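Student: The file below is target-v3.txt, compact mmCIF, C-alpha atoms:
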# COMPACT_ATOMS: atom_id res chain seq x y z
CA MET T 1 9.25 -15.19 -22.85
CA GLY T 2 7.02 -17.59 -20.90
CA GLY T 3 7.95 -15.95 -17.63
CA TYR T 4 6.88 -12.51 -18.75
CA LEU T 5 3.50 -13.81 -19.87
CA SER T 6 2.82 -14.96 -16.29
CA VAL T 7 3.85 -11.54 -15.01
CA VAL T 8 1.40 -9.86 -17.39
CA ILE T 9 -1.39 -12.26 -16.33
CA TYR T 10 -0.58 -11.50 -12.70
CA LEU T 11 -0.67 -7.75 -13.44
CA VAL T 12 -4.09 -8.07 -15.09
CA MET T 13 -5.36 -10.04 -12.09
CA ILE T 14 -4.20 -7.32 -9.67
CA VAL T 15 -6.01 -4.63 -11.66
CA ALA T 16 -9.09 -6.86 -11.87
CA PHE T 17 -9.02 -7.41 -8.10
CA ALA T 18 -8.86 -3.65 -7.47
CA ILE T 19 -11.67 -2.86 -9.92
CA VAL T 20 -13.94 -5.67 -8.72
CA SER T 21 -13.53 -4.81 -5.04
CA LEU T 22 -14.21 -1.12 -5.76
CA ALA T 23 -17.29 -2.07 -7.81
CA VAL T 24 -18.65 -4.39 -5.10
CA ALA T 25 -18.15 -1.67 -2.49
CA ARG T 26 -20.00 0.76 -4.76
CA VAL T 27 -23.04 -1.50 -4.68
CA LEU T 28 -22.92 -2.15 -0.93
CA ARG T 29 -22.12 1.25 0.52
CA PRO T 30 -24.56 3.99 1.47
CA ARG T 31 -24.38 7.38 -0.24
CA ARG T 32 -25.59 10.40 1.70
CA PRO T 33 -23.52 13.43 0.67
CA PHE T 34 -24.12 17.00 1.78
CA ALA T 35 -22.11 20.18 1.25
CA ALA T 36 -20.27 20.28 4.57
CA LYS T 37 -19.25 16.63 4.30
CA LEU T 38 -17.75 17.18 0.88
CA GLN T 39 -15.49 20.03 1.97
CA THR T 40 -11.74 19.55 1.84
CA TYR T 41 -10.51 18.52 5.28
CA GLU T 42 -8.59 21.24 7.09
CA CYS T 43 -9.08 20.32 10.73
CA GLY T 44 -12.64 21.67 10.76
CA ALA T 45 -11.78 25.18 9.60
CA GLU T 46 -13.10 26.56 6.31
CA PRO T 47 -10.47 25.62 3.72
CA PHE T 48 -8.88 28.59 1.98
CA GLY T 49 -7.44 28.48 -1.52
CA GLN T 50 -6.13 25.50 -3.45
CA ALA T 51 -3.50 23.10 -2.20
CA TRP T 52 -1.61 23.27 -5.50
CA VAL T 53 1.00 25.86 -4.56
CA GLN T 54 4.72 26.40 -5.07
CA PHE T 55 6.93 24.20 -2.97
CA PRO T 56 10.49 24.50 -1.66
CA VAL T 57 13.40 24.11 -4.08
CA GLY T 58 15.02 21.62 -1.71
CA PHE T 59 12.88 18.83 -3.15
CA TYR T 60 14.36 19.43 -6.62
CA LEU T 61 17.93 19.31 -5.29
CA VAL T 62 17.29 15.91 -3.75
CA ALA T 63 15.77 14.70 -7.02
CA LEU T 64 18.82 15.87 -8.99
CA LEU T 65 21.20 14.07 -6.65
CA PHE T 66 19.02 10.99 -6.87
CA ILE T 67 19.24 10.85 -10.67
CA VAL T 68 23.06 10.86 -10.53
CA PHE T 69 23.25 7.93 -8.13
CA ASP T 70 20.37 6.05 -9.73
CA ALA T 71 22.32 6.11 -13.00
CA LEU T 72 25.21 4.68 -11.01
CA ALA T 73 22.94 1.82 -9.89
CA VAL T 74 22.28 1.00 -13.56
CA PHE T 75 26.04 0.60 -14.08
CA LEU T 76 26.42 -1.50 -10.94
CA PHE T 77 24.02 -4.28 -12.01
CA PRO T 78 26.07 -5.60 -14.97
CA TRP T 79 29.30 -4.99 -13.04
CA VAL T 80 28.08 -7.17 -10.17
CA LEU T 81 27.23 -9.99 -12.58
CA ALA T 82 30.44 -9.85 -14.65
CA LEU T 83 32.75 -9.43 -11.69
CA ARG T 84 33.82 -13.09 -11.34
CA GLY T 85 34.91 -13.27 -14.95
CA LEU T 86 36.72 -9.93 -14.97
CA GLY T 87 38.65 -10.26 -11.73
CA MET T 88 40.43 -7.59 -9.72
CA TRP T 89 40.75 -5.13 -12.63
CA ALA T 90 36.99 -4.70 -12.67
CA VAL T 91 37.11 -3.76 -8.99
CA VAL T 92 39.89 -1.24 -9.66
CA ALA T 93 37.94 0.26 -12.57
CA MET T 94 34.82 0.60 -10.41
CA VAL T 95 36.83 2.16 -7.58
CA VAL T 96 38.21 4.77 -10.01
CA PHE T 97 34.69 5.42 -11.33
CA LEU T 98 33.30 5.74 -7.80
CA ALA T 99 36.19 8.03 -6.84
CA ILE T 100 35.28 10.44 -9.65
CA LEU T 101 31.65 10.27 -8.61
CA GLY T 102 32.76 10.64 -5.00
CA LEU T 103 34.38 13.97 -5.88
CA GLY T 104 30.95 15.18 -6.97
CA TRP T 105 29.44 13.86 -3.77
CA PHE T 106 32.17 15.62 -1.77
CA TYR T 107 31.50 18.88 -3.63
CA ALA T 108 27.79 18.59 -2.80
CA PHE T 109 28.76 17.88 0.80
CA ARG T 110 31.06 20.95 0.96
CA GLU T 111 28.45 23.20 -0.68
CA ARG T 112 25.98 21.94 1.94
CA LEU T 113 23.65 20.61 -0.76
CA LEU T 114 23.12 17.49 1.32
CA GLU T 115 21.61 19.61 4.09
CA TRP T 116 17.86 20.04 4.03
CA GLN T 117 17.03 23.67 3.30
CA MET K 118 -8.74 -26.89 -19.77
CA GLU K 119 -5.26 -26.50 -21.22
CA TRP K 120 -5.58 -22.71 -21.44
CA LEU K 121 -6.18 -22.48 -17.69
CA THR K 122 -2.68 -23.64 -16.69
CA PRO K 123 -0.87 -20.26 -16.98
CA LEU K 124 -3.59 -18.69 -14.84
CA VAL K 125 -3.16 -21.02 -11.86
CA ALA K 126 0.11 -19.77 -10.38
CA PRO K 127 -0.70 -16.01 -10.56
CA PHE K 128 -4.17 -16.66 -9.10
CA ILE K 129 -2.85 -18.68 -6.14
CA VAL K 130 -0.05 -16.20 -5.45
CA LEU K 131 -2.41 -13.20 -5.60
CA ASN K 132 -4.86 -14.77 -3.16
CA ALA K 133 -2.13 -16.01 -0.84
CA ILE K 134 -0.56 -12.55 -0.75
CA ILE K 135 -3.89 -10.85 -0.03
CA GLY K 136 -4.51 -13.37 2.76
CA ILE K 137 -1.05 -12.94 4.27
CA VAL K 138 -1.20 -9.14 4.04
CA THR K 139 -4.64 -9.05 5.68
CA TYR K 140 -3.42 -11.12 8.61
CA VAL K 141 -0.15 -9.22 8.88
CA THR K 142 -2.20 -6.21 10.04
CA LEU K 143 -3.46 -8.33 12.94
CA LEU K 144 0.09 -9.52 13.67
CA GLU K 145 1.34 -5.95 13.78
CA ARG K 146 -1.53 -4.77 16.01
CA LYS K 147 -1.04 -7.68 18.42
CA PHE K 148 2.73 -7.12 18.46
CA ALA K 149 2.39 -3.37 19.00
CA ALA K 150 -0.18 -3.97 21.74
CA ARG K 151 2.13 -6.39 23.57
CA MET K 152 4.97 -3.85 23.35
CA GLN K 153 2.72 -1.31 25.04
CA SER K 154 1.36 -3.80 27.65
CA ARG K 155 -2.04 -3.97 25.96
CA VAL K 156 -3.89 -6.99 24.61
CA GLY K 157 -4.75 -5.65 21.19
CA PRO K 158 -7.75 -6.83 19.14
CA TYR K 159 -9.48 -9.50 21.21
CA ARG K 160 -13.26 -9.33 20.76
CA VAL K 161 -13.86 -10.57 17.21
CA GLY K 162 -13.36 -14.31 17.18
CA PRO K 163 -10.98 -16.22 19.46
CA HIS K 164 -8.09 -13.90 20.40
CA GLY K 165 -9.32 -11.41 17.80
CA LEU K 166 -8.48 -13.77 14.95
CA LEU K 167 -11.41 -12.59 12.82
CA GLN K 168 -10.57 -8.90 13.27
CA PRO K 169 -8.98 -8.41 9.78
CA ILE K 170 -12.09 -9.89 8.14
CA ALA K 171 -14.35 -7.65 10.19
CA ASP K 172 -12.21 -4.67 9.19
CA ALA K 173 -12.42 -5.58 5.52
CA ILE K 174 -16.23 -5.92 5.65
CA LYS K 175 -16.55 -2.66 7.55
CA LEU K 176 -14.40 -0.73 5.06
CA MET K 177 -16.38 -2.21 2.20
CA MET K 178 -19.69 -0.99 3.66
CA LYS K 179 -18.42 2.50 4.47
CA GLU K 180 -19.60 5.52 2.56
CA ASP K 181 -17.08 6.82 0.04
CA VAL K 182 -16.77 10.55 0.63
CA VAL K 183 -15.26 12.32 -2.38
CA PRO K 184 -14.64 16.01 -1.61
CA THR K 185 -15.80 18.42 -4.30
CA ALA K 186 -12.37 20.05 -4.65
CA VAL K 187 -10.47 16.90 -5.74
CA ASP K 188 -9.05 16.27 -9.19
CA ARG K 189 -11.40 13.37 -9.88
CA PRO K 190 -9.55 11.25 -12.48
CA VAL K 191 -6.27 11.40 -10.56
CA TYR K 192 -7.98 10.90 -7.21
CA ASN K 193 -9.96 7.87 -8.34
CA LEU K 194 -7.11 6.24 -10.21
CA ALA K 195 -4.52 6.67 -7.45
CA PRO K 196 -5.48 3.65 -5.27
CA ILE K 197 -5.22 1.30 -8.27
CA VAL K 198 -1.94 2.81 -9.49
CA PHE K 199 -0.64 2.49 -5.93
CA LEU K 200 -1.80 -1.12 -5.52
CA VAL K 201 -0.35 -2.47 -8.78
CA PRO K 202 3.40 -2.07 -8.06
CA CYS K 203 2.94 -3.04 -4.40
CA MET K 204 1.42 -6.39 -5.40
CA LEU K 205 3.49 -6.86 -8.55
CA ILE K 206 6.74 -7.07 -6.57
CA PHE K 207 5.74 -10.60 -5.55
CA ALA K 208 5.81 -11.70 -9.19
CA THR K 209 9.47 -12.74 -9.25
CA ILE K 210 9.73 -14.12 -5.72
CA PRO K 211 9.99 -17.93 -5.71
CA PHE K 212 8.23 -19.27 -2.60
CA ALA K 213 9.91 -22.66 -3.01
CA PRO K 214 12.00 -24.10 -5.85
CA GLY K 215 9.80 -23.63 -8.93
CA LEU K 216 6.84 -22.23 -6.96
CA GLY K 217 5.99 -18.68 -7.89
CA VAL K 218 4.54 -16.54 -10.66
CA ALA K 219 7.70 -16.25 -12.76
CA ASP K 220 11.33 -16.88 -11.87
CA LEU K 221 12.75 -14.25 -14.22
CA ASN K 222 16.50 -14.13 -14.87
CA ILE K 223 16.39 -10.45 -13.85
CA GLY K 224 14.30 -11.18 -10.76
CA ILE K 225 15.84 -8.73 -8.32
CA LEU K 226 16.13 -5.96 -10.91
CA PHE K 227 12.40 -6.40 -11.60
CA PHE K 228 11.64 -6.29 -7.88
CA LEU K 229 13.66 -3.12 -7.26
CA ALA K 230 12.34 -1.36 -10.34
CA VAL K 231 8.67 -2.15 -9.68
CA SER K 232 8.96 -1.47 -5.97
CA ALA K 233 10.17 2.08 -6.65
CA MET K 234 7.09 2.69 -8.82
CA GLU K 235 4.85 2.84 -5.72
CA ILE K 236 5.79 6.50 -5.39
CA VAL K 237 3.80 7.36 -8.54
CA GLY K 238 0.50 6.18 -7.06
CA LEU K 239 1.35 7.75 -3.74
CA PHE K 240 2.02 11.14 -5.29
CA MET K 241 -1.13 10.87 -7.41
CA ALA K 242 -3.12 10.33 -4.22
CA GLY K 243 -1.50 13.33 -2.56
CA TRP K 244 -1.81 15.62 -5.57
CA GLY K 245 -5.30 14.56 -6.60
CA SER K 246 -6.72 15.13 -3.12
CA ASN K 247 -6.18 18.91 -3.42
CA ASN K 248 -5.57 18.97 0.30
CA LYS K 249 -2.63 20.76 1.88
CA TYR K 250 -1.84 17.94 4.28
CA ALA K 251 -2.03 15.35 1.52
CA LEU K 252 0.22 17.29 -0.86
CA LEU K 253 2.82 18.06 1.82
CA SER K 254 2.84 14.41 2.80
CA ALA K 255 3.20 13.24 -0.79
CA MET K 256 6.15 15.57 -1.39
CA ARG K 257 7.86 14.40 1.77
CA ALA K 258 7.22 10.82 0.67
CA VAL K 259 8.85 11.29 -2.73
CA ASN K 260 11.76 13.03 -1.09
CA GLN K 261 12.29 10.24 1.41
CA VAL K 262 11.61 7.24 -0.79
CA ILE K 263 14.02 8.31 -3.53
CA SER K 264 16.66 9.07 -0.89
CA TYR K 265 16.42 5.62 0.64
CA ASP K 266 15.96 3.73 -2.60
CA LEU K 267 19.70 4.04 -3.27
CA PRO K 268 20.99 2.43 -0.04
CA PHE K 269 18.18 -0.14 -0.47
CA ILE K 270 19.45 -1.07 -3.96
CA PHE K 271 23.13 -1.03 -2.98
CA SER K 272 22.62 -3.18 0.11
CA ALA K 273 20.47 -5.61 -1.89
CA LEU K 274 23.29 -5.84 -4.44
CA VAL K 275 25.65 -7.35 -1.86
CA PRO K 276 23.86 -10.76 -1.80
CA VAL K 277 23.56 -10.55 -5.59
CA LEU K 278 27.31 -10.12 -5.76
CA LEU K 279 27.94 -13.01 -3.37
CA ALA K 280 25.61 -15.28 -5.37
CA GLY K 281 26.63 -13.98 -8.80
CA SER K 282 23.11 -13.98 -10.27
CA LEU K 283 20.09 -11.68 -10.56
CA ARG K 284 17.70 -14.65 -10.53
CA LEU K 285 16.12 -14.84 -7.09
CA SER K 286 16.02 -18.65 -6.98
CA ASP K 287 19.79 -18.72 -7.72
CA ILE K 288 20.42 -16.32 -4.85
CA ALA K 289 18.37 -18.55 -2.56
CA ALA K 290 20.17 -21.68 -3.77
CA ALA K 291 23.58 -20.03 -3.25
CA GLN K 292 22.79 -19.84 0.45
CA ALA K 293 22.41 -23.59 0.88
CA GLY K 294 25.73 -23.76 2.74
CA LEU K 295 25.75 -20.42 4.51
CA TRP K 296 23.02 -17.82 4.82
CA PHE K 297 24.33 -14.48 3.61
CA VAL K 298 23.48 -12.85 6.94
CA PHE K 299 26.18 -15.09 8.46
CA TYR K 300 28.72 -14.24 5.75
CA PRO K 301 31.62 -12.74 7.72
CA VAL K 302 31.31 -8.97 8.30
CA VAL K 303 30.01 -8.06 4.82
CA GLY K 304 26.77 -10.00 5.29
CA GLN K 305 25.88 -8.54 8.68
CA LEU K 306 26.62 -4.95 7.64
CA ALA K 307 24.59 -5.35 4.45
CA PHE K 308 21.70 -6.81 6.45
CA ILE K 309 21.71 -3.87 8.87
CA ALA K 310 21.82 -1.37 5.99
CA PHE K 311 19.02 -3.29 4.27
CA ILE K 312 16.78 -3.22 7.36
CA VAL K 313 17.38 0.50 7.99
CA SER K 314 16.65 1.45 4.40
CA THR K 315 13.60 -0.84 4.35
CA VAL K 316 12.16 0.87 7.41
CA ALA K 317 12.78 4.27 5.80
CA ALA K 318 11.66 3.34 2.28
CA GLU K 319 8.44 1.91 3.72
CA ASN K 320 7.82 5.24 5.46
CA ARG K 321 7.49 3.61 8.86
CA ALA K 322 8.32 5.29 12.15
CA PRO K 323 10.86 6.65 13.04
CA PHE K 324 10.81 7.77 9.39
CA ASP K 325 7.07 8.39 9.12
CA ILE K 326 7.19 12.16 8.55
CA LEU K 327 4.80 11.76 5.66
CA GLU K 328 2.15 10.34 7.96
CA ALA K 329 2.95 12.36 11.10
CA GLU K 330 -0.44 12.14 12.81
CA SER K 331 0.18 15.20 14.96
CA GLU K 332 0.93 17.56 12.06
CA LEU K 333 -0.37 16.01 8.83
CA VAL K 334 -3.27 13.99 10.34
CA ALA K 335 -2.88 10.96 8.08
CA GLY K 336 -0.79 12.28 5.24
CA PHE K 337 -1.59 11.52 1.63
CA ARG K 338 -4.63 9.35 2.43
CA VAL K 339 -6.49 11.95 4.52
CA GLU K 340 -9.22 12.47 1.89
CA TYR K 341 -9.74 8.77 1.19
CA SER K 342 -12.46 6.68 2.78
CA GLY K 343 -14.22 3.38 2.30
CA MET K 344 -12.83 0.84 -0.14
CA LYS K 345 -10.32 3.25 -1.69
CA PHE K 346 -8.78 3.72 1.74
CA ALA K 347 -8.77 -0.04 2.22
CA ILE K 348 -6.91 -0.54 -1.07
CA ILE K 349 -4.29 2.05 -0.11
CA GLN K 350 -3.76 0.36 3.24
CA LEU K 351 -3.57 -3.05 1.58
CA ALA K 352 -0.98 -1.74 -0.88
CA GLU K 353 1.15 -0.22 1.87
CA TYR K 354 1.19 -3.43 3.90
CA ALA K 355 1.80 -5.50 0.78
CA HIS K 356 4.86 -3.40 0.07
CA VAL K 357 6.24 -3.96 3.57
CA VAL K 358 5.53 -7.69 3.34
CA GLY K 359 7.18 -7.81 -0.10
CA ALA K 360 10.30 -6.13 1.25
CA SER K 361 10.27 -8.61 4.17
CA PHE K 362 10.12 -11.53 1.75
CA LEU K 363 13.00 -10.02 -0.22
CA GLY K 364 15.03 -9.59 2.98
CA ALA K 365 14.35 -13.19 3.99
CA LEU K 366 15.34 -14.36 0.52
CA LEU K 367 18.50 -12.29 0.20
CA PHE K 368 19.91 -12.76 3.67
CA LEU K 369 18.12 -15.52 5.58
CA GLY K 370 18.34 -18.38 3.10
CA ALA K 371 14.71 -18.25 1.83
CA TRP K 372 13.14 -21.71 2.10
CA ALA K 373 16.12 -23.46 3.71
CA GLY K 374 15.24 -25.10 7.01
CA PRO K 375 15.04 -28.44 8.80
CA GLY K 376 12.31 -30.90 7.93
CA PRO K 377 10.99 -32.25 4.63
CA GLU K 378 11.07 -30.19 1.47
CA TRP K 379 7.35 -29.32 1.44
CA LEU K 380 7.91 -27.29 4.62
CA GLY K 381 10.02 -24.85 2.54
CA PRO K 382 7.32 -22.20 1.93
CA GLY K 383 6.47 -22.35 5.63
CA TRP K 384 10.05 -21.60 6.60
CA PHE K 385 10.18 -18.81 4.04
CA LEU K 386 7.00 -17.26 5.46
CA LEU K 387 8.36 -17.59 8.99
CA LYS K 388 11.60 -15.82 8.05
CA ALA K 389 9.72 -13.10 6.18
CA MET K 390 7.56 -12.55 9.27
CA PHE K 391 10.75 -12.34 11.33
CA VAL K 392 12.00 -9.53 9.08
CA PHE K 393 8.57 -7.90 9.24
CA LEU K 394 8.61 -8.02 13.04
CA LEU K 395 12.12 -6.49 13.05
CA VAL K 396 10.75 -3.58 11.04
CA THR K 397 7.71 -3.36 13.32
CA TRP K 398 9.90 -3.53 16.41
CA VAL K 399 11.86 -0.50 15.16
CA ARG K 400 8.61 1.24 14.33
CA TRP K 401 7.15 0.98 17.81
CA SER K 402 10.41 1.66 19.67
CA PHE K 403 11.65 5.03 18.41
CA VAL K 404 10.18 8.50 18.13
CA ARG K 405 9.82 10.28 14.81
CA ILE K 406 12.95 12.11 13.58
CA ARG K 407 13.10 15.36 11.63
CA VAL K 408 13.26 15.62 7.86
CA ASP K 409 16.82 17.01 7.81
CA GLN K 410 17.98 14.14 10.05
CA ILE K 411 16.31 11.63 7.75
CA LEU K 412 18.00 13.04 4.66
CA ALA K 413 21.36 13.37 6.39
CA LEU K 414 21.26 9.72 7.43
CA SER K 415 20.63 8.65 3.85
CA TRP K 416 22.94 10.95 1.87
CA LYS K 417 25.81 11.35 4.32
CA VAL K 418 25.94 7.96 6.02
CA LEU K 419 24.06 5.14 4.31
CA LEU K 420 24.84 6.00 0.67
CA PRO K 421 28.67 6.18 1.00
CA ALA K 422 28.67 3.32 3.51
CA THR K 423 26.74 0.92 1.27
CA LEU K 424 28.96 1.78 -1.72
CA VAL K 425 32.12 1.08 0.30
CA LEU K 426 30.50 -2.13 1.52
CA LEU K 427 29.75 -3.16 -2.05
CA ILE K 428 33.39 -2.61 -3.07
CA ALA K 429 34.53 -4.57 0.00
CA ALA K 430 32.22 -7.42 -0.95
CA ALA K 431 33.56 -7.32 -4.52
CA ILE K 432 37.16 -7.57 -3.24
CA VAL K 433 36.23 -10.51 -1.01
CA VAL K 434 34.49 -12.32 -3.85
CA VAL K 435 37.27 -11.74 -6.39
CA TRP K 436 39.95 -12.63 -3.87
CA ARG K 437 38.29 -15.87 -2.86
CA GLY K 438 37.48 -16.50 -6.51
CA THR K 439 34.86 -19.15 -5.85
CA PRO K 440 31.39 -19.22 -7.36
CA GLY K 441 28.76 -18.91 -4.67
CA VAL K 442 29.83 -19.17 -1.05
Please go through the file and, once you have read it, give me the structure as structure tokens.

Tutor:
Amino acid sequence: MGGYLSVVIYLVMIVAFAIVSLAVARVLRPRRPFAAKLQTYECGAEPFGQAWVQFPVGFYLVALLFIVFDALAVFLFPWVLALRGLGMWAVVAMVVFLAILGLGWFYAFRERLLEWQ
Amino acid sequence: MEWLTPLVAPFIVLNAIIGIVTYVTLLERKFAARMQSRVGPYRVGPHGLLQPIADAIKLMMKEDVVPTAVDRPVYNLAPIVFLVPCMLIFATIPFAPGLGVADLNIGILFFLAVSAMEIVGLFMAGWGSNNKYALLSAMRAVNQVISYDLPFIFSALVPVLLAGSLRLSDIAAAQAGLWFVFYPVVGQLAFIAFIVSTVAAENRAPFDILEAESELVAGFRVEYSGMKFAIIQLAEYAHVVGASFLGALLFLGAWAGPGPEWLGPGWFLLKAMFVFLLVTWVRWSFVRIRVDQILALSWKVLLPATLVLLIAAAIVVVWRGTPGV
């Protein structure tokens, strides 16, 4: 586990770097706020309403597709490593697996789910 | 002094990365300027060599304007959450044999997993700003990054397959005879797919719809100023540099090069900068493309193509039946 300890130390150092540099800047910088300066930026116009609104369903479709293929990536990592020991049958098995998944991809393609809408 | 030893490597790597990333901004500005027949930064120091330091000092002294409408905890935390994965990706990269933070046996899996985490900080910045431009940009970013993460992973798996190990130093060592970019057909195609998905996953032009100066002003960082802005910029560049190092390690033979062994890290840096300049070259050569074109390229072309390429590489490896190249 020695390697992971170094990673954790490195992680702590990154966070420390961010916090220290933000703290130093807090000491050095000027602070002269006024109401107009603190408005949300909308190209100079008075901002109207909140930004937290509904957004298009297309983003969710992409996310759903992503989850399917990301799960595939999880299967690919051990397959890639074990390939030399397993030989050509492993390739055939993966081709069959990808073909089944490919049917899903083809369905999404036919239903125009891969188009941005 | 015994307890200090585990701190040395992470400390050196962190400082080296910050130094490299700071100067990479100058490299990019000089390169972009030359492409547009300009000189670029020239006034601060000889040939503008002190420009990054001047920039850092300036950003540190700038007032930090926090709009009243923001969601404060999310807004303030976002730069740190964004910086952590972007710097953490360097943890498993060996800069020479045995020189690095940690040479984990799942090195590339760690890199790919942590590198995808950047999107959390980015979305926090966009959401916390409570600004329409920022939120639109953050949503586009999530959309694009997750789309291009898949071809990025699949094309990075090709060298893993050729080397037969997830440990990054093993992948580098497997290229002692032949760099994977020169591996017949499979290597070149994987390299091209890797570069394209790097450019897209790093949100650089022509895939920079989340920044889109003319419509979204600066995207998710529009409400940030001062040191928080500096940290976001640092994180973005660190991510590009990290991907360049990974590209140099996976395809260009990492530290292999003529000369004595201690030149290894130098060669590695040179190759990483070559990959970085490839990405930059693309960035400054093409105009921005539309969101539907970006998604079509990923889901209809790159995703099936990289999967077929992976199967082809598997057939080659099994057929040749040799470990390594």

Student: Do me a favour and pick out the residues of chain K within 7 Å of chain T, using only C-alpha atoms, as a ChimeraX atom specification.

Tutor: /K:123-124,127,177-180,182-186,197,201,205,208,218-221,247-249,260,263-264,267,278,281-282,344,409,413,416,431-432,435,438

Student: Record the distance separating CA of Ser272 (chain K) and CA of Ala307 (chain K), expressed in Å with one decimal.

Tutor: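 Going from CA of Ser272 (chain K) over to CA of Ala307 (chain K), I get 5.2 Å.
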
Student: To one decimal in Å, tell me the separation between CA of Leu333 (chain K) and CA of Tyr354 (chain K).

Tutor: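 Calculated distance between CA of Leu333 (chain K) and CA of Tyr354 (chain K) is 20.1 Å.
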
Student: CA of Val156 (chain K) and CA of Ala355 (chain K), how far apart in Å?

Tutor: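 Computing the Euclidean distance for CA of Ala355 (chain K) and CA of Val156 (chain K) yields 24.5 Å.
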
Student: Within 9 Å of Ala429 (chain K), counting only C-alpha atoms, which residues qualify if same-chain residues fewer than 5 places away don't, as a short mmCIF file (atom, residue, chain, number, x, y, z; two decimals) with C-alpha atoms, keeping the file's coordinate frame?

Tutor:
data_model
loop_
_atom_site.label_atom_id
_atom_site.label_comp_id
_atom_site.auth_asym_id
_atom_site.auth_seq_id
_atom_site.Cartn_x
_atom_site.Cartn_y
_atom_site.Cartn_z
CA VAL K 303 30.01 -8.06 4.82
CA LEU K 424 28.96 1.78 -1.72
CA VAL K 434 34.49 -12.32 -3.85
#

Student: Around all the atoms of region 171-176 of chain K listed in the file, with 4 Å of room on each side, what axis-aligned box do you get, giving centre and edge lengths in Å to one decimal, as lines of an AutoDock Vina configuration file?

Tutor:
center_x = -14.4
center_y = -4.2
center_z = 7.6
size_x = 12.3
size_y = 14.9
size_z = 13.1

Student: Skip Arg400 (chain K) itself and residues of its chain fewer than 5 positions away, then list as a PDB file with C-alpha atoms, keeping the file's coordinate frame all residues within 12 Å of it, counting only C-alpha atoms.

Tutor:
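Below is the file selection_10.pdb, written as the result:
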ATOM      1  CA  GLU K 145       1.340  -5.950  13.780  1.00  0.00           C
ATOM      2  CA  ARG K 146      -1.530  -4.770  16.010  1.00  0.00           C
ATOM      3  CA  PHE K 148       2.730  -7.120  18.460  1.00  0.00           C
ATOM      4  CA  ALA K 149       2.390  -3.370  19.000  1.00  0.00           C
ATOM      5  CA  MET K 152       4.970  -3.850  23.350  1.00  0.00           C
ATOM      6  CA  ILE K 312      16.780  -3.220   7.360  1.00  0.00           C
ATOM      7  CA  VAL K 313      17.380   0.500   7.990  1.00  0.00           C
ATOM      8  CA  THR K 315      13.600  -0.840   4.350  1.00  0.00           C
ATOM      9  CA  VAL K 316      12.160   0.870   7.410  1.00  0.00           C
ATOM     10  CA  ALA K 317      12.780   4.270   5.800  1.00  0.00           C
ATOM     11  CA  GLU K 319       8.440   1.910   3.720  1.00  0.00           C
ATOM     12  CA  ASN K 320       7.820   5.240   5.460  1.00  0.00           C
ATOM     13  CA  ARG K 321       7.490   3.610   8.860  1.00  0.00           C
ATOM     14  CA  ALA K 322       8.320   5.290  12.150  1.00  0.00           C
ATOM     15  CA  PRO K 323      10.860   6.650  13.040  1.00  0.00           C
ATOM     16  CA  PHE K 324      10.810   7.770   9.390  1.00  0.00           C
ATOM     17  CA  ASP K 325       7.070   8.390   9.120  1.00  0.00           C
ATOM     18  CA  PHE K 393       8.570  -7.900   9.240  1.00  0.00           C
ATOM     19  CA  LEU K 394       8.610  -8.020  13.040  1.00  0.00           C
ATOM     20  CA  LEU K 395      12.120  -6.490  13.050  1.00  0.00           C
ATOM     21  CA  ARG K 405       9.820  10.280  14.810  1.00  0.00           C
ATOM     22  CA  ILE K 406      12.950  12.110  13.580  1.00  0.00           C
TER      23      ILE K 406
END

Student: In the coordinate frame of the file, compute which residues have an atom within 9 Å of (3.4, 9.6, 0.9) when using only C-alpha atoms, and state them as number ranges by chain.

Tutor: K: 236, 239-240, 242-243, 251-259, 261-262, 320, 326-328, 336-338
